[in-house]
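Text of the file model-v8.cif, holding mmCIF, C-alpha atoms and all ligand atoms:
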```cif
data_final
#
loop_
_atom_site.label_atom_id
_atom_site.label_comp_id
_atom_site.auth_asym_id
_atom_site.auth_seq_id
_atom_site.Cartn_x
_atom_site.Cartn_y
_atom_site.Cartn_z
CA MET B 1 53.33 27.22 55.12
CA ALA B 2 52.80 28.26 51.50
CA TYR B 3 51.95 25.63 48.91
CA LEU B 4 52.45 25.50 45.16
CA PHE B 5 50.52 22.81 43.29
CA VAL B 6 51.81 21.53 39.95
CA SER B 7 49.92 18.94 37.93
CA ASP B 8 50.45 17.03 34.73
CA TYR B 9 47.64 17.17 32.12
CA ASP B 10 47.30 13.97 30.02
CA ARG B 11 46.06 11.02 32.11
CA THR B 12 46.30 13.13 35.29
CA LEU B 13 43.74 15.89 34.76
CA ALA B 14 42.38 14.70 31.40
CA ASP B 15 41.21 11.20 30.58
CA GLU B 16 42.23 9.41 27.39
CA LYS B 17 38.61 8.14 27.14
CA ASP B 18 37.47 11.75 26.66
CA GLY B 19 40.06 12.31 23.91
CA PHE B 20 41.94 14.35 26.55
CA VAL B 21 39.24 17.03 26.52
CA ILE B 22 38.94 18.46 30.02
CA ARG B 23 35.67 17.70 31.84
CA GLU B 24 33.70 20.79 32.74
CA ASN B 25 33.34 19.87 36.45
CA LEU B 26 37.11 19.42 36.68
CA ALA B 27 37.81 22.76 34.97
CA GLU B 28 35.42 24.47 37.40
CA PHE B 29 37.02 22.74 40.37
CA ILE B 30 40.59 23.62 39.34
CA ASN B 31 39.59 27.21 38.60
CA HIS B 32 38.15 27.45 42.11
CA PHE B 33 41.16 25.69 43.68
CA SER B 34 43.49 28.15 41.88
CA SER B 35 41.76 31.02 43.67
CA LYS B 36 42.88 29.41 46.99
CA TYR B 37 46.37 28.09 46.12
CA PRO B 38 48.72 28.69 43.18
CA PHE B 39 48.09 25.82 40.78
CA PHE B 40 50.08 25.32 37.57
CA VAL B 41 49.39 22.75 34.88
CA VAL B 42 52.71 21.31 33.73
CA THR B 43 52.41 19.45 30.46
CA GLY B 44 54.32 18.22 27.45
CA ARG B 45 51.62 19.69 25.25
CA GLU B 46 51.73 22.77 23.08
CA ARG B 47 49.67 25.90 23.52
CA ARG B 48 47.59 25.26 20.37
CA PHE B 49 46.38 21.86 21.65
CA ILE B 50 45.68 23.06 25.16
CA SER B 51 43.55 25.93 23.93
CA ARG B 52 41.48 23.37 22.00
CA LEU B 53 41.31 20.69 24.74
CA ALA B 54 40.90 22.87 27.81
CA PRO B 55 39.50 26.25 26.75
CA THR B 56 37.71 26.81 30.09
CA LEU B 57 40.56 25.67 32.34
CA LYS B 58 42.09 28.75 34.00
CA PRO B 59 44.80 27.69 36.44
CA THR B 60 47.22 30.19 37.98
CA GLY B 61 49.55 29.48 35.08
CA TRP B 62 50.86 26.90 32.63
CA VAL B 63 54.15 25.21 31.99
CA LEU B 64 53.89 23.93 28.41
CA GLU B 65 56.16 21.99 26.09
CA ASN B 66 57.56 19.94 28.95
CA GLY B 67 59.09 22.88 30.81
CA ALA B 68 60.13 25.08 27.88
CA ILE B 69 57.21 27.56 27.79
CA ILE B 70 55.77 29.27 30.87
CA LEU B 71 52.51 31.23 30.76
CA TYR B 72 51.84 33.43 33.75
CA GLY B 73 49.90 36.66 34.14
CA GLU B 74 49.38 37.30 30.39
CA LYS B 75 53.10 36.83 29.74
CA THR B 76 54.97 34.06 27.92
CA TYR B 77 58.44 33.09 29.13
CA ILE B 78 60.80 30.87 27.17
CA ASN B 79 62.91 28.48 29.25
CA ALA B 80 65.52 27.56 26.63
CA PRO B 81 69.09 28.68 25.86
CA LYS B 82 69.80 31.21 23.10
CA ASN B 83 71.55 28.68 20.86
CA TRP B 84 68.53 26.36 20.83
CA ALA B 85 67.25 27.62 17.45
CA GLU B 86 70.53 26.50 15.83
CA ILE B 87 70.50 23.13 17.59
CA ARG B 88 66.87 22.61 16.63
CA LYS B 89 67.63 23.22 12.96
CA GLU B 90 70.24 20.48 13.10
CA ILE B 91 67.80 18.09 14.83
CA ILE B 92 65.21 18.66 12.12
CA LYS B 93 67.83 18.08 9.43
CA ARG B 94 68.78 14.73 10.99
CA LEU B 95 65.15 13.65 11.39
CA GLU B 96 64.50 14.45 7.75
CA GLU B 97 67.58 12.49 6.67
CA LYS B 98 66.25 9.48 8.59
CA GLU B 99 62.74 10.09 7.20
CA ILE B 100 61.30 10.26 10.70
CA LYS B 101 57.98 12.16 10.97
CA TYR B 102 58.00 15.03 13.46
CA SER B 103 56.13 18.17 14.43
CA VAL B 104 57.43 21.33 16.03
CA GLY B 105 56.16 23.38 18.93
CA GLU B 106 57.46 26.81 19.90
CA VAL B 107 60.56 25.11 21.39
CA ILE B 108 60.16 21.31 21.29
CA VAL B 109 60.43 18.86 18.43
CA TYR B 110 57.84 16.07 18.85
CA VAL B 111 58.22 12.56 17.43
CA ASN B 112 55.21 10.40 18.17
CA ASN B 113 54.95 6.62 18.24
CA ILE B 114 58.57 5.67 17.97
CA ASP B 115 60.83 3.34 19.90
CA SER B 116 63.91 4.69 21.58
CA SER B 117 66.41 2.72 19.45
CA SER B 118 65.19 4.49 16.28
CA LEU B 119 65.79 7.91 17.75
CA ASP B 120 69.53 7.96 18.23
CA LEU B 121 70.42 11.52 17.28
CA HIS B 122 73.65 12.08 19.23
CA LEU B 123 73.25 15.79 19.59
CA GLU B 124 75.06 17.97 22.03
CA GLY B 125 72.77 20.45 23.74
CA ALA B 126 69.63 18.34 23.25
CA LYS B 127 67.93 15.46 25.02
CA VAL B 128 64.89 13.27 24.57
CA GLU B 129 62.11 13.01 27.15
CA TRP B 130 59.61 10.18 26.83
CA ASN B 131 55.91 10.11 27.55
CA ARG B 132 54.96 6.46 26.94
CA ASN B 133 55.92 5.97 23.21
CA ASP B 134 56.09 9.62 22.32
CA ALA B 135 59.39 11.49 22.30
CA MET B 136 59.98 15.15 22.97
CA ILE B 137 63.33 16.58 21.89
CA LEU B 138 64.30 19.42 24.19
CA PRO B 139 67.24 21.60 25.23
CA LYS B 140 69.40 19.42 27.47
CA ASP B 141 68.60 21.15 30.77
CA VAL B 142 64.88 21.59 30.18
CA ASP B 143 62.27 19.33 31.70
CA LYS B 144 59.15 19.69 33.84
CA GLY B 145 61.37 20.14 36.90
CA SER B 146 63.29 23.05 35.40
CA GLY B 147 59.93 24.55 34.36
CA VAL B 148 58.79 24.43 37.99
CA LEU B 149 62.07 25.97 39.20
CA PHE B 150 61.46 28.76 36.67
CA ILE B 151 58.02 29.40 38.24
CA LYS B 152 59.42 29.30 41.78
CA ASN B 153 61.89 31.96 40.75
CA LEU B 154 59.26 34.05 39.00
CA LEU B 155 56.94 33.94 42.03
CA ASN B 156 59.80 34.11 44.52
CA PHE B 157 58.16 31.06 46.07
CA LYS B 158 59.81 29.48 49.13
CA GLY B 159 57.14 27.03 50.35
CA LYS B 160 56.30 23.42 49.56
CA VAL B 161 55.75 22.08 46.04
CA ILE B 162 53.06 19.42 45.64
CA ALA B 163 53.28 17.56 42.31
CA ILE B 164 50.69 15.26 40.72
CA GLY B 165 51.52 13.03 37.76
CA ASP B 166 51.34 9.69 35.99
CA SER B 167 54.13 9.10 33.49
CA GLN B 168 57.89 9.12 32.78
CA ASN B 169 58.10 12.83 31.96
CA ASP B 170 56.71 13.50 35.45
CA ILE B 171 59.81 12.03 37.12
CA PRO B 172 61.70 15.37 36.78
CA LEU B 173 58.57 17.07 38.13
CA PHE B 174 58.69 14.78 41.16
CA ARG B 175 62.39 15.56 41.60
CA VAL B 176 61.64 19.18 42.49
CA ALA B 177 58.56 18.37 44.59
CA ASP B 178 58.27 18.12 48.37
CA VAL B 179 55.21 15.88 48.06
CA LYS B 180 54.80 13.51 45.09
CA VAL B 181 51.30 12.32 44.24
CA ALA B 182 50.42 9.67 41.63
CA VAL B 183 46.95 9.12 40.17
CA SER B 184 45.72 5.50 40.38
CA ASN B 185 46.28 5.03 36.62
CA ALA B 186 49.96 6.10 36.85
CA LEU B 187 52.73 3.85 35.53
CA PRO B 188 54.13 1.43 38.15
CA GLU B 189 57.48 3.26 38.30
CA ILE B 190 55.67 6.51 39.12
CA LYS B 191 53.57 4.94 41.85
CA GLU B 192 56.71 3.45 43.30
CA ILE B 193 58.38 6.82 43.86
CA ALA B 194 55.19 8.67 44.92
CA ASP B 195 54.52 9.66 48.53
CA ILE B 196 50.76 9.37 47.95
CA VAL B 197 48.98 7.11 45.45
CA LEU B 198 45.40 8.21 44.84
CA ASP B 199 42.52 5.70 44.86
CA LYS B 200 40.93 7.06 41.70
CA PRO B 201 42.21 7.72 38.19
CA ASN B 202 42.72 10.96 36.27
CA GLY B 203 40.62 13.99 37.24
CA LYS B 204 38.49 12.05 39.72
CA GLY B 205 41.52 11.25 41.84
CA VAL B 206 42.76 14.83 41.59
CA ILE B 207 39.40 16.32 42.65
CA GLU B 208 39.15 13.94 45.61
CA PHE B 209 42.70 14.75 46.74
CA LEU B 210 42.44 18.53 46.35
CA SER B 211 38.99 18.60 48.02
CA LYS B 212 40.58 17.04 51.10
CA ILE B 213 43.21 19.80 51.07
CA LEU B 214 40.50 22.47 50.88
CA SER B 215 38.48 20.88 53.68
CA GLY B 216 41.58 20.48 55.88
CA GLU B 217 41.25 16.68 55.96
CA ILE B 218 44.79 16.33 54.54
CA PHE B 219 47.72 18.35 55.86
CA LEU B 220 50.91 18.33 53.81
O1 LIG B 301 51.14 14.29 25.17
C1 LIG B 301 51.96 15.09 25.65
O2 LIG B 301 52.54 15.94 24.97
C2 LIG B 301 52.29 15.00 27.11
O3 LIG B 301 51.30 15.44 27.93
P1 LIG B 301 51.46 15.43 29.54
O4 LIG B 301 52.82 15.89 29.87
O5 LIG B 301 50.38 16.36 29.98
O6 LIG B 301 51.21 14.00 30.00
#
```
Let me see whether you can do it: turn the structure in this file into structure tokens.
Amino acid sequence: MAYLFVSDYDRTLADEKDGFVIRENLAEFINHFSSKYPFFVVTGRERRFISRLAPTLKPTGWVLENGAIILYGEKTYINAPKNWAEIRKEIIKRLEEKEIKYSVGEVIVYVNNIDSSSLDLHLEGAKVEWNRNDAMILPKDVDKGSGVLFIKNLLNFKGKVIAIGDSQNDIPLFRVADVKVAVSNALPEIKEIADIVLDKPNGKGVIEFLSKILSGEIFL
């Protein structure tokens, strides 16, 4: 059986205590693991932050901007419809009218530290994904799950998907996974839907789990 591993970044691989900078032992471990199994990091983050936070992390590939940007084999793929640029302009206009602070990625519009009632944009073609109190405004069909389906297509992958995560925006990731794994610091609703809840938080939990896969102690 072939396996594809997909893992969230913030609070799954990287610890908030480290300012979300990847630990060197974890980067080394994941780089080694990626030489044995395809391993993609699937994150809400943008390319510019990842290159600062995890410069030595070299997984098989990346799904960035919550499913909208895929990096694989030196290539960048955009997982967004053609009319997104137009829709995004309208979103930015509405945010500016409401004087809501935002930043833009290559595809996403990010609004940090906001509650959901203040972000009522009523826009066709767009949706909001939450990661704790941060909002990501995305094309309506794009999420971490659609990012993983994009990879499966790209790799022509037919085996089992193993997903590791901690937060709300990992629910769509879990939806396309055959095995759902939560780190010990995951939100309660994530632990509830996981098949496996790890004993340890963040990268420590991930290393322990993946080491058991490499040693054959866990079969999926
Ligand atoms: O902070 C973000 O953009 C989200 O990051 P995550 O999806 O890796 O948790």
Please determine an axis-aligned box that encloses all atoms of ligand LIG 301 (chain B) listed in the file, with 3 Å added on each side, and express its centre and edge lengths in Å to one decimal as JSON.
```
{"center_x": 51.6, "center_y": 15.2, "center_z": 27.5, "size_x": 8.4, "size_y": 8.4, "size_z": 11.0}
```
Could you produce a table of the residues of chain B lying within 6 Å of ligand LIG 301 (chain B), with the nearest pair of atoms per residue and their separation in Å rounded to one decimal, using only C-alpha atoms and all ligand atoms, ordered by chain and increasing residue number, as a Markdown table?
```
| residue | atom | partner | partner_atom | distance |
| --- | --- | --- | --- | --- |
| B:Asp8 | CA | B:LIG301 | O5 | 4.8 |
| B:Tyr9 | CA | B:LIG301 | O5 | 3.6 |
| B:Asp10 | CA | B:LIG301 | O5 | 3.9 |
| B:Thr43 | CA | B:LIG301 | O4 | 3.6 |
| B:Gly44 | CA | B:LIG301 | O4 | 3.7 |
| B:Arg45 | CA | B:LIG301 | O2 | 3.9 |
```
Residues from last step as file, C-alpha atoms, as a PDB file, keeping the file's coordinate frame:
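Just written: result27.pdb:
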```pdb
ATOM      1  CA  ASP B   8      50.450  17.030  34.730  1.00  0.00           C
ATOM      2  CA  TYR B   9      47.640  17.170  32.120  1.00  0.00           C
ATOM      3  CA  ASP B  10      47.300  13.970  30.020  1.00  0.00           C
ATOM      4  CA  THR B  43      52.410  19.450  30.460  1.00  0.00           C
ATOM      5  CA  GLY B  44      54.320  18.220  27.450  1.00  0.00           C
ATOM      6  CA  ARG B  45      51.620  19.690  25.250  1.00  0.00           C
TER       7      ARG B  45
END
```
Calculate how many Å separate atom CA of B:Ser146 from atom CA of B:Val104, rounding to one decimal.
-> 20.3 Å
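For the atom pair formed by atom CA of B:Gly145 and atom CA of B:Lys82, the distance is 19.6 Å, given to one decimal.
Going from atom CA of B:Leu154 to atom CA of B:Asn79 covers 11.8 Å.
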Do you know which residues are at most 8 Å from B:Val109 counting all atoms listed in the file, after dropping those on the same chain fewer than 6 positions away, and could you put them as a tab-separated table (two decimals) with C-alpha atoms, in the coordinates of the input?
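File selection.tsv, as written:
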```tsv
chain	number	residue	atom	x	y	z
B	88	ARG	CA	66.87	22.61	16.63
B	92	ILE	CA	65.21	18.66	12.12
B	102	TYR	CA	58.00	15.03	13.46
B	103	SER	CA	56.13	18.17	14.43
B	136	MET	CA	59.98	15.15	22.97
B	137	ILE	CA	63.33	16.58	21.89
B	138	LEU	CA	64.30	19.42	24.19
```
Which residues, written as a list in words, have at least one atom at most 10 Å from B:Tyr37, with only C-alpha atoms counted and residues fewer than 5 positions away on the same chain left out?
-> Ala2, Tyr3, Leu4, Phe5, Ile30, His32, Pro59, Thr60 and Leu214 of chain B
Extract, using all atoms listed in the file, all DNA, RNA and protein residues at most 12 Å from B:Lys204, discarding same-chain residues fewer than 5 positions from it, and format them as a ChimeraX atom specification.
-> /B:11-15,22-23,25-27,29-30,183-185,198-199,209-211
Go ahead and save the residues from that selection, with C-alpha atoms, as a JSON list (two decimals), in the coordinates of the input.
```
[["chain", "number", "residue", "atom", "x", "y", "z"],
["B", 11, "ARG", "CA", 46.06, 11.02, 32.11],
["B", 12, "THR", "CA", 46.30, 13.13, 35.29],
["B", 13, "LEU", "CA", 43.74, 15.89, 34.76],
["B", 14, "ALA", "CA", 42.38, 14.70, 31.40],
["B", 15, "ASP", "CA", 41.21, 11.20, 30.58],
["B", 22, "ILE", "CA", 38.94, 18.46, 30.02],
["B", 23, "ARG", "CA", 35.67, 17.70, 31.84],
["B", 25, "ASN", "CA", 33.34, 19.87, 36.45],
["B", 26, "LEU", "CA", 37.11, 19.42, 36.68],
["B", 27, "ALA", "CA", 37.81, 22.76, 34.97],
["B", 29, "PHE", "CA", 37.02, 22.74, 40.37],
["B", 30, "ILE", "CA", 40.59, 23.62, 39.34],
["B", 183, "VAL", "CA", 46.95, 9.12, 40.17],
["B", 184, "SER", "CA", 45.72, 5.50, 40.38],
["B", 185, "ASN", "CA", 46.28, 5.03, 36.62],
["B", 198, "LEU", "CA", 45.40, 8.21, 44.84],
["B", 199, "ASP", "CA", 42.52, 5.70, 44.86],
["B", 209, "PHE", "CA", 42.70, 14.75, 46.74],
["B", 210, "LEU", "CA", 42.44, 18.53, 46.35],
["B", 211, "SER", "CA", 38.99, 18.60, 48.02]]
```
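Residues in contact with B:Ala68 at 8 Å, where all atoms listed in the file are counted and same-chain residues fewer than 3 positions away are skipped, are listed as B:Val63, B:Leu64, B:Glu65, B:Ile78, B:Asn79, B:Ala80, B:Val107, B:Ile108, B:Leu138, B:Val142, B:Asp143, B:Gly147.
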Using all atoms listed in the file, determine which residues lie at most 12 Å from B:Asn113, disregarding the query and same-chain residues fewer than 2 positions distant; provide the list as a PyMOL selection string.
-> chain B and resi 100-102+110-111+115-116+118-119+130-136
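Comparing B:Lys200, B:Glu97, B:Val206, B:Asp178 by their smallest distance to B:Lys158, the closest is B:Asp178 (using all atoms listed in the file).
With only C-alpha atoms as the atoms that count, the minimum distance from B:Ser51 to the choices B:Phe174, B:Phe150, B:Phe20, B:Phe157 is reached by B:Phe20.
Closest approach to B:Ala182 among B:Gln168, B:Val21, B:Met1, B:Ile114: B:Gln168, based on only C-alpha atoms.
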